[in-house]
Structure formats: C-alpha cells, structure tokens
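Containing mmCIF, C-alpha atoms: run-v7.cif.
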```
data_entry
loop_
_atom_site.group_PDB
_atom_site.id
_atom_site.type_symbol
_atom_site.label_atom_id
_atom_site.label_comp_id
_atom_site.auth_asym_id
_atom_site.auth_seq_id
_atom_site.Cartn_x
_atom_site.Cartn_y
_atom_site.Cartn_z
ATOM 1 C CA HIS A 1 0.000 0.000 0.000
ATOM 2 C CA GLY A 2 2.859 2.330 0.832
ATOM 3 C CA SER A 3 4.330 1.698 -2.605
ATOM 4 C CA SER A 4 0.983 2.306 -4.288
ATOM 5 C CA SER A 5 0.493 5.483 -2.342
ATOM 6 C CA SER A 6 3.982 6.663 -3.272
ATOM 7 C CA PHE A 7 3.321 5.883 -6.921
ATOM 8 C CA SER A 8 -0.032 7.633 -6.769
ATOM 9 C CA GLY A 9 1.656 10.655 -5.255
ATOM 10 C CA ARG A 10 4.277 10.684 -7.962
ATOM 11 C CA THR A 11 1.602 10.327 -10.630
ATOM 12 C CA SER A 12 -0.314 13.212 -9.157
ATOM 13 C CA HIS A 13 2.890 15.269 -9.069
ATOM 14 C CA VAL A 14 3.670 14.443 -12.707
ATOM 15 C CA THR A 15 0.124 15.344 -13.684
ATOM 16 C CA ARG A 16 0.396 18.636 -11.875
ATOM 17 C CA VAL A 17 3.779 19.351 -13.507
ATOM 18 C CA ALA A 18 2.452 18.361 -16.915
ATOM 19 C CA GLY A 19 -0.576 20.526 -16.366
ATOM 20 C CA SER A 20 1.664 23.364 -15.290
ATOM 21 C CA HIS A 21 3.849 22.932 -18.420
ATOM 22 C CA SER A 22 0.746 22.732 -20.605
ATOM 23 C CA SER A 23 -0.595 25.883 -19.033
ATOM 24 C CA SER A 24 2.755 27.607 -19.510
ATOM 25 C CA TRP A 25 2.908 26.492 -23.151
ATOM 26 C CA LYS A 26 -0.599 27.797 -23.707
ATOM 27 C CA ASN A 27 0.385 31.114 -22.172
ATOM 28 C CA VAL A 28 3.521 31.324 -24.320
ATOM 29 C CA HIS A 29 1.560 30.293 -27.420
ATOM 30 C CA SER A 30 -1.117 32.849 -26.622
ATOM 31 C CA ALA A 31 1.540 35.507 -26.017
ATOM 32 C CA THR A 32 3.238 34.584 -29.325
ATOM 33 C CA ILE A 33 -0.044 34.886 -31.218
ATOM 34 C CA SER A 34 -0.751 38.166 -29.459
ATOM 35 C CA SER A 35 2.776 39.397 -30.269
ATOM 36 C CA SER A 36 2.381 38.270 -33.880
ATOM 37 C CA GLN A 37 -0.967 40.041 -34.120
ATOM 38 C CA SER A 38 0.510 43.171 -32.565
ATOM 39 C CA SER A 39 3.435 43.071 -35.013
ATOM 40 C CA SER A 40 1.015 42.616 -37.912
ATOM 41 C CA GLN A 41 -1.128 45.480 -36.638
ATOM 42 C CA ILE A 42 1.947 47.692 -36.309
ATOM 43 C CA GLN A 43 3.011 46.846 -39.870
ATOM 44 C CA GLU A 44 -0.474 47.615 -41.154
ATOM 45 C CA GLU A 45 -0.531 50.887 -39.221
ATOM 46 C CA ASP A 46 2.936 51.829 -40.516
ATOM 47 C CA SER A 47 1.861 50.984 -44.059
ATOM 48 C CA SER A 48 -1.307 53.069 -43.672
ATOM 49 C CA LYS A 49 0.692 55.978 -42.275
ATOM 50 C CA ALA A 50 3.197 55.738 -45.147
ATOM 51 C CA GLN A 51 0.368 55.702 -47.687
ATOM 52 C CA ALA A 52 -1.290 58.655 -45.968
ATOM 53 C CA THR A 53 2.008 60.570 -45.930
ATOM 54 C CA GLU A 54 2.624 59.771 -49.602
ATOM 55 C CA GLN A 55 -0.902 60.854 -50.490
ATOM 56 C CA THR A 56 -0.511 64.077 -48.503
ATOM 57 C CA THR A 57 2.831 64.779 -50.209
ATOM 58 C CA THR A 58 1.340 64.107 -53.648
ATOM 59 C CA THR A 59 -1.678 66.304 -52.900
ATOM 60 C CA HIS A 60 0.593 69.106 -51.693
ATOM 61 C CA SER A 61 2.839 68.731 -54.746
ATOM 62 C CA ASN A 62 -0.123 68.824 -57.130
ATOM 63 C CA ALA A 63 -1.526 71.880 -55.345
ATOM 64 C CA ILE A 64 1.775 73.706 -55.907
ATOM 65 C CA VAL A 65 1.764 72.738 -59.590
ATOM 66 C CA ASP A 66 -1.866 73.871 -59.944
ATOM 67 C CA LYS A 67 -0.902 77.275 -58.538
ATOM 68 C CA ALA A 68 2.102 77.444 -60.882
ATOM 69 C CA ILE A 69 -0.127 76.604 -63.865
ATOM 70 C CA GLU A 70 -2.523 79.359 -62.835
ATOM 71 C CA ASP A 71 0.314 81.887 -62.605
ATOM 72 C CA ILE A 72 1.920 80.864 -65.906
ATOM 73 C CA ARG A 73 -1.461 81.180 -67.602
ATOM 74 C CA ALA A 74 -1.776 84.682 -66.144
ATOM 75 C CA GLY A 75 1.617 85.745 -67.486
ATOM 76 C CA LYS A 76 3.502 85.563 -64.192
ATOM 77 C CA LEU A 77 6.955 84.197 -63.403
ATOM 78 C CA VAL A 78 7.414 80.742 -61.872
ATOM 79 C CA ALA A 79 10.680 79.385 -60.446
ATOM 80 C CA ILE A 80 11.730 75.810 -61.241
ATOM 81 C CA LEU A 81 14.585 73.936 -59.567
ATOM 82 C CA ASP A 82 15.514 70.941 -61.720
ATOM 83 C CA ALA A 83 16.922 68.844 -58.827
ATOM 84 C CA VAL A 84 19.525 69.342 -56.131
ATOM 85 C CA ASP A 85 21.450 66.292 -57.368
ATOM 86 C CA ARG A 86 21.280 67.362 -61.030
ATOM 87 C CA GLU A 87 22.258 70.891 -62.117
ATOM 88 C CA GLY A 88 20.953 72.199 -58.824
ATOM 89 C CA GLU A 89 19.895 75.392 -60.604
ATOM 90 C CA THR A 90 16.671 77.351 -60.280
ATOM 91 C CA ASP A 91 15.379 79.073 -63.408
ATOM 92 C CA LEU A 92 12.696 81.737 -63.596
ATOM 93 C CA VAL A 93 10.215 80.799 -66.322
ATOM 94 C CA ILE A 94 7.447 82.600 -68.182
ATOM 95 C CA ALA A 95 5.288 81.689 -71.192
ATOM 96 C CA ALA A 96 6.743 83.220 -74.373
ATOM 97 C CA GLU A 97 3.368 84.465 -75.533
ATOM 98 C CA HIS A 98 3.149 86.609 -72.371
ATOM 99 C CA LEU A 99 6.673 88.017 -72.597
ATOM 100 C CA THR A 100 6.290 91.797 -72.709
ATOM 101 C CA PRO A 101 9.360 94.070 -72.549
ATOM 102 C CA LYS A 102 8.477 94.824 -68.924
ATOM 103 C CA ALA A 103 8.233 91.120 -68.086
ATOM 104 C CA LEU A 104 11.578 90.438 -69.758
ATOM 105 C CA ARG A 105 13.256 93.197 -67.751
ATOM 106 C CA LEU A 106 11.867 91.694 -64.541
ATOM 107 C CA LEU A 107 12.983 88.223 -65.616
ATOM 108 C CA ARG A 108 16.582 89.099 -66.442
ATOM 109 C CA THR A 109 17.170 91.522 -63.544
ATOM 110 C CA SER A 110 15.686 89.100 -61.008
ATOM 111 C CA ALA A 111 17.564 86.054 -62.286
ATOM 112 C CA GLY A 112 20.781 87.457 -63.748
ATOM 113 C CA GLY A 113 21.858 84.409 -65.750
ATOM 114 C CA GLU A 114 21.634 83.421 -69.376
ATOM 115 C CA LEU A 115 18.338 83.923 -71.168
ATOM 116 C CA TYR A 116 17.024 81.110 -73.363
ATOM 117 C CA MET A 117 13.844 79.601 -74.803
ATOM 118 C CA PRO A 118 12.856 76.052 -73.772
ATOM 119 C CA VAL A 119 10.798 74.911 -76.743
ATOM 120 C CA GLY A 120 8.370 72.003 -76.943
ATOM 121 C CA HIS A 121 9.180 69.067 -79.196
ATOM 122 C CA GLU A 122 6.108 69.729 -81.325
ATOM 123 C CA VAL A 123 7.470 73.213 -82.095
ATOM 124 C CA THR A 124 10.994 72.129 -83.047
ATOM 125 C CA SER A 125 9.486 69.341 -85.176
ATOM 126 C CA ALA A 126 7.071 71.706 -86.902
ATOM 127 C CA PHE A 127 9.943 73.917 -88.074
ATOM 128 C CA ASN A 128 12.442 71.055 -88.450
ATOM 129 C CA LEU A 129 14.851 72.971 -86.207
ATOM 130 C CA PRO A 130 18.310 71.457 -85.677
ATOM 131 C CA ARG A 131 20.223 71.249 -82.435
ATOM 132 C CA ALA A 132 23.342 73.375 -82.276
ATOM 133 C CA GLY A 133 25.717 70.428 -82.030
ATOM 134 C CA ALA A 134 24.273 68.733 -85.097
ATOM 135 C CA ALA A 135 24.150 71.992 -87.067
ATOM 136 C CA LEU A 136 27.787 72.817 -86.354
ATOM 137 C CA ALA A 137 28.947 69.276 -87.052
ATOM 138 C CA ALA A 138 27.129 69.289 -90.388
ATOM 139 C CA SER A 139 28.728 72.596 -91.360
ATOM 140 C CA ARG A 140 32.233 71.118 -90.862
ATOM 141 C CA THR A 141 33.497 74.583 -89.952
ATOM 142 C CA ILE A 142 34.682 73.700 -86.424
ATOM 143 C CA PRO A 143 37.154 71.046 -85.264
ATOM 144 C CA GLN A 144 35.470 67.861 -84.075
ATOM 145 C CA ALA A 145 37.534 68.115 -80.884
ATOM 146 C CA MET A 146 35.439 71.143 -79.931
ATOM 147 C CA ALA A 147 32.205 69.153 -79.923
ATOM 148 C CA LYS A 148 30.530 69.035 -76.523
ATOM 149 C CA SER A 149 30.884 65.714 -74.742
ATOM 150 C CA VAL A 150 27.770 63.690 -74.056
ATOM 151 C CA GLY A 151 27.072 63.412 -70.331
ATOM 152 C CA ASP A 152 24.040 62.834 -68.160
ATOM 153 C CA MET A 153 22.531 66.141 -69.277
ATOM 154 C CA CYS A 154 23.772 65.725 -72.884
ATOM 155 C CA GLN A 155 23.306 69.423 -73.569
ATOM 156 C CA GLY A 156 25.492 69.377 -76.657
ATOM 157 C CA SER A 157 23.559 66.658 -78.430
ATOM 158 C CA CYS A 158 20.013 66.707 -77.106
ATOM 159 C CA SER A 159 18.936 70.111 -75.837
ATOM 160 C CA VAL A 160 20.797 73.244 -76.951
ATOM 161 C CA GLY A 161 19.548 74.588 -80.269
ATOM 162 C CA ILE A 162 20.413 77.493 -82.514
ATOM 163 C CA SER A 163 20.235 81.166 -81.522
ATOM 164 C CA LEU A 164 18.097 83.582 -83.482
ATOM 165 C CA ASP A 165 16.651 87.101 -83.809
ATOM 166 C CA HIS A 166 13.553 88.344 -85.571
ATOM 167 C CA ARG A 167 14.487 90.133 -88.779
ATOM 168 C CA SER A 168 12.533 93.234 -87.752
ATOM 169 C CA THR A 169 14.887 93.908 -84.846
ATOM 170 C CA LYS A 170 17.823 96.315 -85.081
ATOM 171 C CA THR A 171 20.419 94.546 -82.933
ATOM 172 C CA GLY A 172 18.155 91.983 -81.259
ATOM 173 C CA ALA A 173 19.583 92.712 -77.804
ATOM 174 C CA PRO A 174 17.233 95.207 -76.048
ATOM 175 C CA ASP A 175 14.267 94.007 -74.012
ATOM 176 C CA ASP A 176 11.686 95.245 -76.499
ATOM 177 C CA GLU A 177 13.413 93.440 -79.364
ATOM 178 C CA ARG A 178 14.213 90.181 -77.577
ATOM 179 C CA SER A 179 10.726 89.955 -76.115
ATOM 180 C CA PHE A 180 9.240 90.330 -79.603
ATOM 181 C CA THR A 181 11.597 87.645 -80.955
ATOM 182 C CA CYS A 182 10.262 85.216 -78.326
ATOM 183 C CA ARG A 183 6.630 86.222 -78.479
ATOM 184 C CA ARG A 184 6.496 86.083 -82.262
ATOM 185 C CA LEU A 185 7.988 82.578 -82.397
ATOM 186 C CA ALA A 186 5.106 81.261 -80.280
ATOM 187 C CA ALA A 187 2.562 83.032 -82.481
ATOM 188 C CA LEU A 188 4.225 81.830 -85.691
ATOM 189 C CA TYR A 189 4.050 78.233 -84.515
ATOM 190 C CA GLU A 190 0.278 78.567 -83.982
ATOM 191 C CA GLU A 191 -0.098 80.026 -87.481
ATOM 192 C CA VAL A 192 1.872 77.150 -89.004
ATOM 193 C CA VAL A 193 -0.305 74.596 -87.196
ATOM 194 C CA ASP A 194 -3.548 76.351 -88.164
ATOM 195 C CA GLU A 195 -2.481 76.439 -91.813
ATOM 196 C CA GLY A 196 -1.366 72.817 -91.790
ATOM 197 C CA LEU A 197 2.072 73.598 -93.220
ATOM 198 C CA SER A 198 4.639 70.867 -93.742
ATOM 199 C CA PRO A 199 7.999 71.114 -91.896
ATOM 200 C CA ALA A 200 9.637 72.323 -95.130
ATOM 201 C CA GLU A 201 6.986 74.996 -95.643
ATOM 202 C CA ALA A 202 7.133 75.995 -91.984
ATOM 203 C CA ALA A 203 10.937 76.236 -92.115
ATOM 204 C CA GLU A 204 10.665 78.570 -95.115
ATOM 205 C CA ARG A 205 8.149 80.723 -93.248
ATOM 206 C CA LEU A 206 10.498 80.790 -90.261
ATOM 207 C CA SER A 207 13.463 81.873 -92.387
ATOM 208 C CA ASP A 208 11.359 84.679 -93.864
ATOM 209 C CA GLU A 209 11.000 86.162 -90.380
ATOM 210 C CA TYR A 210 14.104 85.029 -88.489
ATOM 211 C CA HIS A 211 17.857 84.934 -89.019
ATOM 212 C CA VAL A 212 20.715 83.206 -87.212
ATOM 213 C CA PRO A 213 22.753 83.607 -85.106
ATOM 214 C CA GLY A 214 20.868 85.837 -82.716
ATOM 215 C CA HIS A 215 20.570 87.025 -79.132
ATOM 216 C CA ILE A 216 18.488 84.223 -77.679
ATOM 217 C CA PHE A 217 19.047 80.517 -78.116
ATOM 218 C CA LEU A 218 16.603 77.650 -78.091
ATOM 219 C CA CYS A 219 16.643 74.564 -75.896
ATOM 220 C CA HIS A 220 14.860 71.528 -77.342
ATOM 221 C CA GLU A 221 12.532 69.415 -75.252
ATOM 222 C CA ASP A 222 13.307 65.710 -75.553
ATOM 223 C CA PRO A 223 10.742 63.957 -77.809
ATOM 224 C CA ASN A 224 9.733 61.775 -74.840
ATOM 225 C CA GLY A 225 9.682 64.670 -72.416
ATOM 226 C CA LEU A 226 9.815 63.992 -68.691
ATOM 227 C CA ASN A 227 9.731 60.255 -69.284
ATOM 228 C CA VAL A 228 13.420 60.286 -70.176
ATOM 229 C CA ARG A 229 14.887 63.693 -69.322
ATOM 230 C CA ARG A 230 14.147 66.138 -66.516
ATOM 231 C CA GLY A 231 16.027 69.291 -67.342
ATOM 232 C CA HIS A 232 14.616 72.793 -67.716
ATOM 233 C CA SER A 233 14.322 72.078 -71.451
ATOM 234 C CA GLU A 234 11.553 69.610 -70.519
ATOM 235 C CA LEU A 235 10.187 71.204 -67.345
ATOM 236 C CA GLY A 236 9.527 74.601 -68.947
ATOM 237 C CA PRO A 237 7.514 73.393 -71.950
ATOM 238 C CA TYR A 238 5.636 70.889 -69.764
ATOM 239 C CA LEU A 239 4.447 73.630 -67.410
ATOM 240 C CA VAL A 240 3.447 76.010 -70.204
ATOM 241 C CA ARG A 241 1.682 73.220 -72.088
ATOM 242 C CA ALA A 242 -0.178 72.193 -68.916
ATOM 243 C CA ALA A 243 -1.477 75.774 -68.728
ATOM 244 C CA GLY A 244 -3.018 75.358 -72.177
ATOM 245 C CA LEU A 245 -0.569 77.765 -73.806
ATOM 246 C CA THR A 246 1.793 77.437 -76.767
ATOM 247 C CA PRO A 247 4.685 75.222 -75.571
ATOM 248 C CA VAL A 248 7.348 77.893 -75.899
ATOM 249 C CA ALA A 249 8.780 79.257 -72.663
ATOM 250 C CA VAL A 250 11.399 81.855 -71.836
ATOM 251 C CA ALA A 251 13.713 81.175 -68.916
ATOM 252 C CA CYS A 252 16.682 82.642 -67.109
ATOM 253 C CA VAL A 253 19.043 80.999 -64.624
ATOM 254 C CA MET A 254 19.025 82.510 -61.134
ATOM 255 C CA LEU A 255 22.516 83.564 -60.056
ATOM 256 C CA ASN A 256 23.765 84.869 -56.743
ATOM 257 C CA ASN A 257 23.402 88.604 -57.309
ATOM 258 C CA ALA A 258 24.227 89.733 -53.754
ATOM 259 C CA PRO A 259 26.905 92.463 -54.133
ATOM 260 C CA ASP A 260 28.605 91.534 -50.856
ATOM 261 C CA SER A 261 28.725 87.778 -51.531
ATOM 262 C CA ASP A 262 31.815 85.775 -52.473
ATOM 263 C CA ASP A 263 29.562 83.165 -54.120
ATOM 264 C CA TYR A 264 29.539 83.801 -57.864
ATOM 265 C CA GLY A 265 27.674 80.668 -58.850
ATOM 266 C CA ALA A 266 24.039 79.746 -59.315
ATOM 267 C CA LEU A 267 21.732 80.848 -56.511
ATOM 268 C CA ARG A 268 21.531 78.048 -53.968
ATOM 269 C CA PRO A 269 18.111 76.336 -53.826
ATOM 270 C CA GLU A 270 17.343 77.500 -50.277
ATOM 271 C CA LEU A 271 18.107 81.113 -51.236
ATOM 272 C CA ALA A 272 16.051 80.806 -54.427
ATOM 273 C CA ARG A 273 13.126 79.494 -52.395
ATOM 274 C CA ARG A 274 13.466 82.387 -49.946
ATOM 275 C CA TRP A 275 13.573 84.898 -52.820
ATOM 276 C CA CYS A 276 10.377 83.404 -54.205
ATOM 277 C CA GLU A 277 8.657 83.631 -50.830
ATOM 278 C CA ASP A 278 9.674 87.294 -50.529
ATOM 279 C CA HIS A 279 8.439 88.143 -54.028
ATOM 280 C CA GLY A 280 5.278 86.013 -54.221
ATOM 281 C CA VAL A 281 6.663 83.693 -56.910
ATOM 282 C CA VAL A 282 5.749 80.003 -56.941
ATOM 283 C CA PHE A 283 8.772 77.764 -56.338
ATOM 284 C CA LEU A 284 8.613 74.343 -57.979
ATOM 285 C CA GLU A 285 10.960 71.394 -57.951
ATOM 286 C CA GLY A 286 11.301 69.203 -60.987
ATOM 287 C CA ALA A 287 9.922 66.312 -58.941
ATOM 288 C CA ASP A 288 6.643 68.242 -58.541
ATOM 289 C CA LEU A 289 6.140 68.367 -62.296
ATOM 290 C CA VAL A 290 7.244 64.754 -62.712
ATOM 291 C CA GLN A 291 4.622 63.724 -60.118
ATOM 292 C CA HIS A 292 1.987 65.852 -61.866
ATOM 293 C CA HIS A 293 2.873 64.182 -65.167
ATOM 294 C CA ALA A 294 2.701 60.688 -63.632
ATOM 295 C CA THR A 295 -0.690 61.454 -62.048
ATOM 296 C CA ASN A 296 -2.096 62.620 -65.379
ATOM 297 C CA VAL A 297 -0.746 59.531 -67.144
ATOM 298 C CA GLU A 298 -2.500 57.288 -64.603
ATOM 299 C CA LEU A 299 -5.736 59.261 -64.921
ATOM 300 C CA ASN A 300 -5.655 58.907 -68.708
ATOM 301 C CA LYS A 301 -5.048 55.160 -68.414
ATOM 302 C CA SER A 302 -8.069 54.742 -66.165
ATOM 303 C CA ARG A 303 -10.414 56.491 -68.595
#
```

Go ahead and render the structure in this file as structure tokens.
Amino acid sequence: HGSSSSFSGRTSHVTRVAGSHSSSWKNVHSATISSSQSSSQIQEEDSSKAQATEQTTTTHSNAIVDKAIEDIRAGKLVAILDAVDREGETDLVIAAEHLTPKALRLLRTSAGGELYMPVGHEVTSAFNLPRAGAALAASRTIPQAMAKSVGDMCQGSCSVGISLDHRSTKTGAPDDERSFTCRRLAALYEEVVDEGLSPAEAAERLSDEYHVPGHIFLCHEDPNGLNVRRGHSELGPYLVRAAGLTPVAVACVMLNNAPDSDDYGALRPELARRWCEDHGVVFLEGADLVQHHATNVELNKSR
C-alpha cells in the first residue's frame, strides 16, 4: 500500500507538472499569437501611415503645380529647380506668348543668368529645327575636338539649339526686341499649325522672319519629355503646355546677385526658395512636375 500510495503521489505530481507545463505552453503560445498580431497590426498601421504621408505629399505637390499653372497662364513668373542632385539650378520661367518688354526686364534683372527659350518638341518638329551640335557638325566649320561631350545632361547633343533674332529687330539685344523675338515665335508656330504647313513649308516661313545667329538661343525638349529627361528644357515646356498655352517658354538661370557675396555661382536652392517667398513667386521642384505628369498619365489610363 505504501508503494501504491507513493506511486499515486508521484503520478499526481507528474500530472500537476504536466498541467503546469501545458498551461505555460498555452500562455507562451497565446503571447506569441498576441505578439504576432501586434506586429502585424503595427506593420499595417505603418503601411497606412506611409500611404497617408505619400498621399498628402502628392496632394501638396499637385496643389503647388496647380498654382504654378494658374500663374503661368496669367503671365507671371514661376521658379523651377531641376533637382539638387542634377544641375541644382533654379530658373525663372514665363510663357513666351506673355513676354512683354516689362516682363523680360523683370525676368533678367531678377535672375541674372543666361536667357534662353525652352521649346516644346512639337514646335521644333514643326519647323524642323536642328540642335546646335548637329548643325555645327554638319557645317564642318569647327574642329570635331570642340564638340561638346555627351554626359548625363547631354546638352550638346540633345537640348541646346540654334540662336536667333527676328528680322525686324535692329540689334536683337534690347528688351523690347528680344521679347518680340520670343513672343512672335510662339505666335508663328500657332499660325503654321492652323495652316497645316509641312515642316519644309514651316521652315521657309520661319526663315522669312528670323535669321541666325541671334541674341536668344533655343533649348529643345526631348521627344519623350519627362519620361526620359528632366532638365529645364523639358520642365519649362511641360508647365506652359499644362497651362493650355503654346509650348514655348522663356527662362533665365538665377545667379547669386548679392553684391557683398563671395559666391559667384548659381543661386543656392534654399536662397532661391526664400527669394520666391519674398516676391510672391511660386517655387517648384522638378519632382513636382514629374509627379503631376505621372498622375495625369495614370488618370488617362483609367479612362
């Protein structure tokens, strides 16, 4: 009996221990499930927050672009920074068809850099306009060693065009003459389109009114636009086109114009942004226009 009682006691003890282990395992298992659920909930919450942040950023970016489009349509200046890790330059931009002599004076005195015309691909195609690199190479009047090297921005081969003046100008340099040169090019393109002229016919019409070289040069938009290149040559025409205007812009690089500064380069992005805030000019980054473009592409796909 003593042996049986001892065995019974041991059995009871084992049962209690087993029960205790089972209970502990259940608690651990329950805690693991709870921890797993908490981790999953945290991931879902983080994902939701990230999506909300991305949506807020996109909405804010599109709101800035909408304001820029409104201002460009109204003939105002807009500042565009291509990207900090690209040229890192901010250009003041205006639609060519709105470029009065007064607007040109404001543009060049506010920015201080080189003046140029970013021109939409449909415009350069309509007139069969060459790029400067190709035109010079074809002329065989300069050494090949002087040709601009092809880099990430490939300015020599894919953006910079010829310079020109309207034949009615005297020297082509003053604000009243340069502004007419720009404004008339936009109007001439619309006339060529309305009349359905071929590139050869349009080129002849262009040569009747313009001669080269001149005091303002063209920059060609890439045929695939912001899909492949994101320089001011693409950003300017995209913005003007989005405003429903002729895709010919006039732009000027913002330089550091502070008389007491030892910085003689392009105006740093943070200073350009501050200048815009002080003067009521919309400041855009290239990424804002790229996002606007991507949003419109998606909207068109869904229709």

Open item on the list: What's the separation between CA of Cys219 in chain A and CA of Val250 in chain A, in Å to one decimal place?
Closed with: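 Answer for the CA of Cys219 in chain A to CA of Val250 in chain A separation: 9.9 Å.
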
Open item on the list: From the options A:Glu89, A:Glu270, A:Glu114, A:Glu177, which residue's atoms come nearest to Pro101 in chain A, counting all atoms listed in the file?
Closed with: A:Glu177

How would you write, as a tab-separated table (two decimals) with C-alpha atoms, in the frame of the given file, the residues chosen by the PyMOL selection byres ((chain A and resi 123) around 12) on this structure?
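result13.tsv, written as the output of this step:
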```
chain	number	residue	atom	x	y	z
A	117	MET	CA	13.84	79.60	-74.80
A	118	PRO	CA	12.86	76.05	-73.77
A	119	VAL	CA	10.80	74.91	-76.74
A	120	GLY	CA	8.37	72.00	-76.94
A	121	HIS	CA	9.18	69.07	-79.20
A	122	GLU	CA	6.11	69.73	-81.32
A	124	THR	CA	10.99	72.13	-83.05
A	125	SER	CA	9.49	69.34	-85.18
A	126	ALA	CA	7.07	71.71	-86.90
A	127	PHE	CA	9.94	73.92	-88.07
A	128	ASN	CA	12.44	71.06	-88.45
A	129	LEU	CA	14.85	72.97	-86.21
A	130	PRO	CA	18.31	71.46	-85.68
A	185	LEU	CA	7.99	82.58	-82.40
A	186	ALA	CA	5.11	81.26	-80.28
A	187	ALA	CA	2.56	83.03	-82.48
A	188	LEU	CA	4.22	81.83	-85.69
A	189	TYR	CA	4.05	78.23	-84.52
A	190	GLU	CA	0.28	78.57	-83.98
A	191	GLU	CA	-0.10	80.03	-87.48
A	192	VAL	CA	1.87	77.15	-89.00
A	193	VAL	CA	-0.30	74.60	-87.20
A	199	PRO	CA	8.00	71.11	-91.90
A	202	ALA	CA	7.13	76.00	-91.98
A	203	ALA	CA	10.94	76.24	-92.12
A	206	LEU	CA	10.50	80.79	-90.26
A	218	LEU	CA	16.60	77.65	-78.09
A	219	CYS	CA	16.64	74.56	-75.90
A	220	HIS	CA	14.86	71.53	-77.34
A	221	GLU	CA	12.53	69.42	-75.25
A	222	ASP	CA	13.31	65.71	-75.55
A	223	PRO	CA	10.74	63.96	-77.81
A	237	PRO	CA	7.51	73.39	-71.95
A	241	ARG	CA	1.68	73.22	-72.09
A	246	THR	CA	1.79	77.44	-76.77
A	247	PRO	CA	4.68	75.22	-75.57
A	248	VAL	CA	7.35	77.89	-75.90
A	249	ALA	CA	8.78	79.26	-72.66
```

How would you write, as a PDB file with C-alpha atoms, in the frame of the given file, the residues chosen by the PyMOL selection byres ((chain A and resi 256) around 10) on this structure?
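File produced: result_35.pdb:
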```pdb
ATOM      1  CA  ALA A 111      17.564  86.054 -62.286  1.00  0.00           C
ATOM      2  CA  GLY A 112      20.781  87.457 -63.748  1.00  0.00           C
ATOM      3  CA  GLY A 113      21.858  84.409 -65.750  1.00  0.00           C
ATOM      4  CA  VAL A 253      19.043  80.999 -64.624  1.00  0.00           C
ATOM      5  CA  MET A 254      19.025  82.510 -61.134  1.00  0.00           C
ATOM      6  CA  LEU A 255      22.516  83.564 -60.056  1.00  0.00           C
ATOM      7  CA  ASN A 257      23.402  88.604 -57.309  1.00  0.00           C
ATOM      8  CA  ALA A 258      24.227  89.733 -53.754  1.00  0.00           C
ATOM      9  CA  PRO A 259      26.905  92.463 -54.133  1.00  0.00           C
ATOM     10  CA  SER A 261      28.725  87.778 -51.531  1.00  0.00           C
ATOM     11  CA  ASP A 262      31.815  85.775 -52.473  1.00  0.00           C
ATOM     12  CA  ASP A 263      29.562  83.165 -54.120  1.00  0.00           C
ATOM     13  CA  TYR A 264      29.539  83.801 -57.864  1.00  0.00           C
ATOM     14  CA  GLY A 265      27.674  80.668 -58.850  1.00  0.00           C
ATOM     15  CA  ALA A 266      24.039  79.746 -59.315  1.00  0.00           C
ATOM     16  CA  LEU A 267      21.732  80.848 -56.511  1.00  0.00           C
ATOM     17  CA  ARG A 268      21.531  78.048 -53.968  1.00  0.00           C
ATOM     18  CA  LEU A 271      18.107  81.113 -51.236  1.00  0.00           C
ATOM     19  CA  ALA A 272      16.051  80.806 -54.427  1.00  0.00           C
TER      20      ALA A 272
END
```

Task: CA of Ala132 in chain A to CA of Leu226 in chain A, straight-line distance in Å - done: 21.3 Å

Task: Residue members of the PyMOL selection byres ((chain A and resi 92) around 6) in the file shown, as a list in words - done: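 Checking the PyMOL selection byres ((chain A and resi 92) around 6) against this file, the residues are Val78, Ala79, Asp91, Val93, Ala251 and Cys252 of chain A.
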
Open item on the list: Here is a test: counting all atoms listed in the file, which residue of A:Ala243, A:Asn227, A:Phe283, A:His60 is nearest to Val297 in chain A?
Closed with: A:Asn227

TODO: Excluding Arg105 in chain A and any residue of its chain fewer than 4 positions from it, enumerate the residues within 10 Å of it, using all atoms listed in the file, and give them as a list in words.
DONE: Leu99, Thr100, Pro101, Thr109, Ser110, Ala111, Pro174, Asp175, Asp176 and Ser179 of chain A

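With CA of Arg73 in chain A on one side and CA of Leu235 in chain A on the other, the separation reads 15.3 Å.
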
Open item on the list: I'd like to know which of A:Ile64, A:Cys182, A:Ile216, A:Leu289 is closest to Tyr238 in chain A, using all atoms listed in the file.
Closed with: A:Leu289

TODO: Go through A:Asp66, A:Asp165, A:Asp260, A:Asp85 one by one, measure the shortest atom-to-atom distance of each to Arg230 in chain A using all atoms listed in the file, and give the residue with the smallest value.
DONE: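 Nearest to Arg230 in chain A: A:Asp85.
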
- [ ] Determine the nearest neighbour of His166 in chain A from the options A:Val290, A:Ile80, A:Ala134, A:Val212, counting all atoms listed in the file.
- [x] A:Val212

Open item on the list: Give me the residues near Pro269 in chain A as a list in words, where near means some atom within 8 Å (using all atoms listed in the file) and where sequence neighbours in that chain fewer than 5 positions away do not count.
Closed with: Leu81, Val84, Gly88, Glu89 and Thr90 of chain A

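The residue that comes closest to His292 in chain A, out of A:Ala135, A:Ile69, A:Gln41, A:Val228 and on the basis of only C-alpha atoms, is A:Ile69.
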